[in-house]
Amino acid sequence: MSDNRPIGVFDSGAGGLSVLQELVKELPNESFIFFADSANCPYGSKPKDEIIALSSLISTFLISKECKVIVVACNTATAAAIDWLREHFAIPFIGMEPAIKPAAINTKTKSIGVLATAGTFKGRLYIETSHKYAKDVNVCYQVGEGLVELVEQGKVNSAEAEELLLKYIRPMLDCNIDQLVLGCTHYPFFKPLLKKLLPHNVDVIDPSPAVAKQVSKVLIDNQLNTLDAGDLKYHAFYSSGNIDVLKVLVTKIEKDAGMQLLNKSFFNNFIL
Ligand code: DGL
């Protein structure tokens, strides 16, 4: 049995495209509907209740489009809302995991850095994961204030971004980190700049490939995978705000990953 319904993916903005890129690589037969809540971005400093309300509206919209599972491609929304979403909707939800475990396992200097939003650091998941896996390592954490906005403005390679990143990673380097965990799905767009700014011994850890593998497992376990959609598969993109940045970043992920997303369509959606 093949289930050809699409997979829903949402983020506070366009950052979740970094997760979509890995999902498409892992699940080439699937169709995807991506929702960027760019009108309400950033979520990082919003109260938990507001993030739950927005995530609930987006999920209702994606389910109305027949999505069979939903990927919360946003660490902040995962931290604030995933428990609530799982309680209130019948389909499976997969969220972002803070990649503290692989960082704590791989560090040789016994010092790791985590860059995320204020909301993510406050979440149960981050606190539990840190206690569980990072007891014996020094964790140098930093709120990436202003970085999400730069991605939303399409300034991923700007001097402004370089300056801000340097400000955030300098104290981490002073702590001798050799692992940098990206705890926000907007930040992988800064990987080229980070590569330039970080010494060679520092690994940048993006949890997206592991999340894509988890989505694949959930589909198989629930017999929800598309066996062969052929030319019928599609990639639809909705934004509650500026659709132009979404278009530019979609082209960028296609180029970076050397892939062509079939049957693309872009829509503005002002449900929020
Ligand atoms: N991409 C979101 C995340 O992973 C950004 C959060 C925000 O909008 O502040 O947390």
# chains A, B, ... in the order shown; residues from 1 in each chain; ligands from 1
call {"tool": "residues_around", "arguments": {"residues": "A:Asn4", "least_positions_apart": "6", "cutoff": "10 Å", "atoms": "only C-alpha atoms", "output": "VMD selection string"}}
result
chain A and resid 29 to 31 66 to 68 224 to 229 232 to 233
call {"tool": "residues_around", "arguments": {"residues": "A:Ser240", "least_positions_apart": "5", "cutoff": "12 Å", "atoms": "only C-alpha atoms", "output": "list of chain:residue names"}}
result
A:Phe10, A:Asp11, A:Ser12, A:Gly13, A:Ala14, A:Phe34, A:Phe35, A:Ala36, A:Asp37, A:Ser38, A:Ala39, A:Asn40, A:Cys41, A:Leu54, A:Leu57, A:Ile58, A:Phe61, A:Val245, A:Leu246, A:Phe266, A:Phe267, A:Asn268, A:Asn269, A:Phe270, A:Ile271, A:Leu272
call {"tool": "residues_near_ligand", "arguments": {"ligand": "ligand 1", "cutoff": "6 Å", "atoms": "only C-alpha atoms and all ligand atoms", "output": "list in words"}}
result
Asp11, Ser12, Gly15, Gly16, Cys41, Pro42, Tyr43, Gly44, Cys74, Asn75, Thr76, Thr117, Val148, Cys184, Thr185 and His186 of chain A
call {"tool": "closest_residue", "arguments": {"among": "A:Val69, A:Val24, A:Met96, A:Leu198", "to": "A:Met172", "atoms": "only C-alpha atoms"}}
result
A:Leu198
call {"tool": "atom_distance", "arguments": {"atom1": "atom CA of A:Glu26", "atom2": "atom CA of A:Lys101"}}
result
21.7 Å
call {"tool": "residues_around", "arguments": {"residues": "A:Ser59", "least_positions_apart": "3", "cutoff": "9 Å", "atoms": "only C-alpha atoms", "output": "list in words"}}
result
Gly8, Phe10, Leu54, Ser55, Ser56, Leu62, Ile63, Ser64, Ile70, Leu85 and Phe89 of chain A
call {"tool": "write_last_selection", "arguments": {"atoms": "N, CA and C atoms", "output": "tab-separated table (two decimals), in the first residue's frame"}}
result
chain	number	residue	atom	x	y	z
A	8	GLY	N	3.67	17.52	5.74
A	8	GLY	CA	3.65	18.95	6.09
A	8	GLY	C	4.91	19.30	6.86
A	10	PHE	N	6.66	22.82	8.82
A	10	PHE	CA	6.53	24.27	9.07
A	10	PHE	C	7.62	24.81	9.97
A	54	LEU	N	-0.14	29.71	17.27
A	54	LEU	CA	0.29	29.80	15.87
A	54	LEU	C	0.54	28.40	15.29
A	55	SER	N	1.21	27.55	16.06
A	55	SER	CA	1.53	26.19	15.58
A	55	SER	C	0.25	25.40	15.35
A	56	SER	N	-0.75	25.63	16.19
A	56	SER	CA	-2.03	24.94	16.05
A	56	SER	C	-2.74	25.37	14.75
A	62	LEU	N	-2.33	22.66	7.46
A	62	LEU	CA	-1.62	21.57	6.75
A	62	LEU	C	-2.47	20.29	6.71
A	63	ILE	N	-3.21	20.04	7.80
A	63	ILE	CA	-4.07	18.85	7.82
A	63	ILE	C	-5.23	19.04	6.83
A	64	SER	N	-5.70	20.29	6.67
A	64	SER	CA	-6.77	20.54	5.69
A	64	SER	C	-6.27	20.27	4.26
A	70	ILE	N	3.35	15.72	10.25
A	70	ILE	CA	3.86	17.11	10.24
A	70	ILE	C	5.23	17.15	10.91
A	85	LEU	N	0.70	19.79	20.49
A	85	LEU	CA	0.25	19.36	19.16
A	85	LEU	C	-0.04	17.85	19.16
A	89	PHE	N	-3.86	16.68	18.07
A	89	PHE	CA	-4.09	16.24	16.68
A	89	PHE	C	-3.80	14.73	16.59
call {"tool": "residues_around", "arguments": {"residues": "stretch 159-167 of chain A", "least_positions_apart": "6", "cutoff": "12 Å", "atoms": "only C-alpha atoms", "output": "list in words"}}
result
Leu115, Gln142, Val143, Gly144, Glu145, Gly146, Leu147, Val148, Glu149, Leu150, Val151, Glu152, Gln153, Leu173, Asp174, Tyr187, Phe189, Phe190, Lys191, Pro192, Leu193, Leu194, Lys195, Lys196, Leu197 and Leu198 of chain A
call {"tool": "select_by_dssp", "arguments": {"residues": "stretch 32-206 of chain A", "states": "strand (DSSP E)", "output": "ChimeraX atom specification"}}
result
/A:32-36,69-72,93-94,111-116,138-143,179-183,203-205
call {"tool": "write_last_selection", "arguments": {"atoms": "N, CA and C atoms", "output": "CSV table (one decimal), in the first residue's frame"}}
result
chain,number,residue,atom,x,y,z
A,32,PHE,N,5.8,17.4,-0.6
A,32,PHE,CA,5.9,18.2,0.6
A,32,PHE,C,5.1,19.5,0.5
A,33,ILE,N,4.5,19.9,1.6
A,33,ILE,CA,3.9,21.2,1.7
A,33,ILE,C,4.7,21.9,2.9
A,34,PHE,N,5.3,23.0,2.5
A,34,PHE,CA,6.1,23.8,3.5
A,34,PHE,C,5.4,25.1,3.8
A,35,PHE,N,5.3,25.4,5.1
A,35,PHE,CA,4.7,26.6,5.5
A,35,PHE,C,5.7,27.4,6.3
A,36,ALA,N,5.9,28.7,5.9
A,36,ALA,CA,6.8,29.6,6.6
A,36,ALA,C,6.0,30.7,7.2
A,69,VAL,N,1.7,13.4,8.0
A,69,VAL,CA,2.5,13.7,9.2
A,69,VAL,C,3.0,15.2,9.1
A,70,ILE,N,3.4,15.7,10.2
A,70,ILE,CA,3.9,17.1,10.2
A,70,ILE,C,5.2,17.1,10.9
A,71,VAL,N,6.2,17.8,10.2
A,71,VAL,CA,7.5,18.0,10.8
A,71,VAL,C,7.6,19.4,11.3
A,72,VAL,N,7.8,19.6,12.6
A,72,VAL,CA,8.0,20.9,13.1
A,72,VAL,C,9.4,21.3,12.9
A,93,PHE,N,3.6,13.8,14.8
A,93,PHE,CA,4.4,15.1,14.7
A,93,PHE,C,5.8,14.7,15.0
A,94,ILE,N,6.7,15.2,14.2
A,94,ILE,CA,8.2,15.0,14.4
A,94,ILE,C,8.8,16.4,14.6
A,111,SER,N,34.5,20.4,25.6
A,111,SER,CA,33.8,21.7,25.7
A,111,SER,C,33.0,21.9,24.4
A,112,ILE,N,31.7,22.2,24.5
A,112,ILE,CA,30.9,22.3,23.3
A,112,ILE,C,30.1,23.6,23.3
A,113,GLY,N,29.7,24.1,22.1
A,113,GLY,CA,29.0,25.4,22.0
A,113,GLY,C,27.6,25.0,21.5
A,114,VAL,N,26.6,25.8,22.0
A,114,VAL,CA,25.2,25.6,21.4
A,114,VAL,C,24.7,27.0,21.1
A,115,LEU,N,24.3,27.2,19.9
A,115,LEU,CA,23.7,28.5,19.4
A,115,LEU,C,22.2,28.2,19.1
A,116,ALA,N,21.3,28.9,19.8
A,116,ALA,CA,19.9,28.7,19.7
A,116,ALA,C,19.1,30.0,20.1
A,138,ASN,N,31.7,20.8,29.3
A,138,ASN,CA,31.4,22.2,29.5
A,138,ASN,C,30.5,22.7,28.4
A,139,VAL,N,29.3,23.3,28.7
A,139,VAL,CA,28.5,23.7,27.6
A,139,VAL,C,28.5,25.2,27.6
A,140,CYS,N,28.9,25.8,26.4
A,140,CYS,CA,28.9,27.2,26.3
A,140,CYS,C,27.8,27.6,25.4
A,141,TYR,N,26.7,28.1,26.0
A,141,TYR,CA,25.5,28.4,25.2
A,141,TYR,C,25.3,29.9,24.9
A,142,GLN,N,24.7,30.1,23.8
A,142,GLN,CA,24.6,31.5,23.3
A,142,GLN,C,23.3,31.7,22.5
A,143,VAL,N,22.5,32.7,22.9
A,143,VAL,CA,21.3,33.1,22.2
A,143,VAL,C,21.7,33.8,20.9
A,179,GLN,N,33.0,21.5,19.2
A,179,GLN,CA,31.7,21.1,18.5
A,179,GLN,C,30.8,22.3,18.7
A,180,LEU,N,30.2,22.7,17.6
A,180,LEU,CA,29.2,23.8,17.6
A,180,LEU,C,27.8,23.3,17.2
A,181,VAL,N,26.9,23.2,18.1
A,181,VAL,CA,25.5,22.7,17.8
A,181,VAL,C,24.7,23.8,17.3
A,182,LEU,N,24.1,23.6,16.1
A,182,LEU,CA,23.2,24.6,15.5
A,182,LEU,C,21.8,24.3,16.1
A,183,GLY,N,21.3,25.1,17.0
A,183,GLY,CA,20.0,24.8,17.7
A,183,GLY,C,18.9,25.6,17.1
A,203,ASP,N,33.8,21.2,14.7
A,203,ASP,CA,32.7,20.6,13.9
A,203,ASP,C,31.4,21.4,14.1
A,204,VAL,N,30.7,21.6,13.0
A,204,VAL,CA,29.4,22.3,13.1
A,204,VAL,C,28.3,21.1,13.0
A,205,ILE,N,27.5,21.1,14.0
A,205,ILE,CA,26.5,20.0,14.0
A,205,ILE,C,25.1,20.5,13.8
call {"tool": "select_by_dssp", "arguments": {"residues": "stretch 110-183 of chain A", "states": "helix (DSSP H, G or I)", "output": "VMD selection string"}}
result
chain A and resid 118 to 122 124 to 133 147 to 152 159 to 174
call {"tool": "write_last_selection", "arguments": {"atoms": "N, CA and C atoms", "output": "CSV table (one decimal), in the first residue's frame"}}
result
chain,number,residue,atom,x,y,z
A,118,ALA,N,16.3,32.1,22.5
A,118,ALA,CA,16.0,32.1,23.9
A,118,ALA,C,14.9,31.0,24.2
A,119,GLY,N,13.9,30.9,23.4
A,119,GLY,CA,12.8,30.0,23.6
A,119,GLY,C,13.2,28.5,23.6
A,120,THR,N,14.2,28.2,22.8
A,120,THR,CA,14.7,26.8,22.7
A,120,THR,C,15.4,26.5,24.0
A,121,PHE,N,16.2,27.4,24.5
A,121,PHE,CA,17.0,27.1,25.7
A,121,PHE,C,16.0,26.9,26.9
A,122,LYS,N,14.8,27.6,26.9
A,122,LYS,CA,13.9,27.4,28.0
A,122,LYS,C,13.1,26.1,27.9
A,124,ARG,N,11.7,22.2,27.7
A,124,ARG,CA,12.0,20.9,28.5
A,124,ARG,C,13.0,20.1,27.8
A,125,LEU,N,12.9,20.0,26.4
A,125,LEU,CA,13.7,19.1,25.6
A,125,LEU,C,15.2,19.5,25.8
A,126,TYR,N,15.5,20.8,25.7
A,126,TYR,CA,16.9,21.2,25.8
A,126,TYR,C,17.4,20.9,27.2
A,127,ILE,N,16.6,21.3,28.2
A,127,ILE,CA,17.1,21.1,29.6
A,127,ILE,C,17.3,19.6,29.9
A,128,GLU,N,16.4,18.8,29.5
A,128,GLU,CA,16.5,17.3,29.7
A,128,GLU,C,17.7,16.8,29.0
A,129,THR,N,17.8,17.1,27.7
A,129,THR,CA,19.0,16.6,26.9
A,129,THR,C,20.3,17.0,27.5
A,130,SER,N,20.4,18.3,27.9
A,130,SER,CA,21.7,18.7,28.5
A,130,SER,C,22.0,18.0,29.8
A,131,HIS,N,21.0,17.8,30.6
A,131,HIS,CA,21.2,17.1,31.9
A,131,HIS,C,21.7,15.6,31.6
A,132,LYS,N,21.0,15.0,30.6
A,132,LYS,CA,21.3,13.6,30.3
A,132,LYS,C,22.6,13.4,29.7
A,133,TYR,N,23.0,14.2,28.7
A,133,TYR,CA,24.2,13.9,27.9
A,133,TYR,C,25.4,14.8,28.1
A,147,LEU,N,20.0,36.8,14.4
A,147,LEU,CA,20.5,36.0,13.2
A,147,LEU,C,19.3,35.5,12.4
A,148,VAL,N,18.1,35.1,13.0
A,148,VAL,CA,17.0,34.7,12.3
A,148,VAL,C,16.5,35.8,11.4
A,149,GLU,N,16.5,37.0,11.9
A,149,GLU,CA,16.0,38.2,11.1
A,149,GLU,C,16.9,38.3,9.8
A,150,LEU,N,18.2,38.1,10.0
A,150,LEU,CA,19.1,38.3,8.8
A,150,LEU,C,18.8,37.2,7.7
A,151,VAL,N,18.4,36.0,8.1
A,151,VAL,CA,18.0,35.0,7.1
A,151,VAL,C,16.7,35.4,6.4
A,152,GLU,N,15.8,35.9,7.2
A,152,GLU,CA,14.5,36.3,6.7
A,152,GLU,C,14.7,37.5,5.7
A,159,ALA,N,28.1,41.2,5.5
A,159,ALA,CA,29.1,41.6,6.5
A,159,ALA,C,28.4,41.7,7.9
A,160,GLU,N,27.2,42.0,7.9
A,160,GLU,CA,26.4,42.1,9.1
A,160,GLU,C,26.3,40.8,9.8
A,161,ALA,N,26.0,39.7,9.0
A,161,ALA,CA,26.0,38.4,9.5
A,161,ALA,C,27.3,37.9,10.0
A,162,GLU,N,28.4,38.2,9.3
A,162,GLU,CA,29.7,37.8,9.7
A,162,GLU,C,30.1,38.4,11.1
A,163,GLU,N,29.7,39.7,11.2
A,163,GLU,CA,30.1,40.4,12.4
A,163,GLU,C,29.3,39.8,13.6
A,164,LEU,N,28.0,39.6,13.4
A,164,LEU,CA,27.2,39.0,14.5
A,164,LEU,C,27.6,37.6,14.9
A,165,LEU,N,27.9,36.8,13.9
A,165,LEU,CA,28.4,35.4,14.2
A,165,LEU,C,29.7,35.4,15.0
A,166,LEU,N,30.6,36.3,14.5
A,166,LEU,CA,31.9,36.4,15.2
A,166,LEU,C,31.7,36.8,16.7
A,167,LYS,N,30.7,37.7,16.9
A,167,LYS,CA,30.5,38.2,18.3
A,167,LYS,C,30.0,36.9,19.1
A,168,TYR,N,29.2,36.1,18.5
A,168,TYR,CA,28.6,34.9,19.3
A,168,TYR,C,29.6,33.8,19.4
A,169,ILE,N,30.5,33.6,18.4
A,169,ILE,CA,31.4,32.4,18.6
A,169,ILE,C,32.7,32.7,19.3
A,170,ARG,N,33.0,34.0,19.4
A,170,ARG,CA,34.3,34.3,20.1
A,170,ARG,C,34.4,33.8,21.5
A,171,PRO,N,33.3,34.0,22.3
A,171,PRO,CA,33.4,33.5,23.7
A,171,PRO,C,33.4,32.0,23.7
A,172,MET,N,32.8,31.3,22.7
A,172,MET,CA,32.8,29.9,22.7
A,172,MET,C,34.2,29.4,22.4
A,173,LEU,N,34.9,30.1,21.5
A,173,LEU,CA,36.3,29.7,21.2
A,173,LEU,C,37.2,29.9,22.4
A,174,ASP,N,36.9,31.0,23.1
A,174,ASP,CA,37.7,31.2,24.4
A,174,ASP,C,37.5,30.1,25.3
call {"tool": "closest_residue", "arguments": {"among": "A:His88, A:Lys65, A:His235, A:His200", "to": "A:Leu262", "atoms": "only C-alpha atoms"}}
result
A:His235
call {"tool": "atom_distance", "arguments": {"atom1": "atom CA of A:Ile51", "atom2": "atom CA of A:Ala80"}}
result
6.5 Å
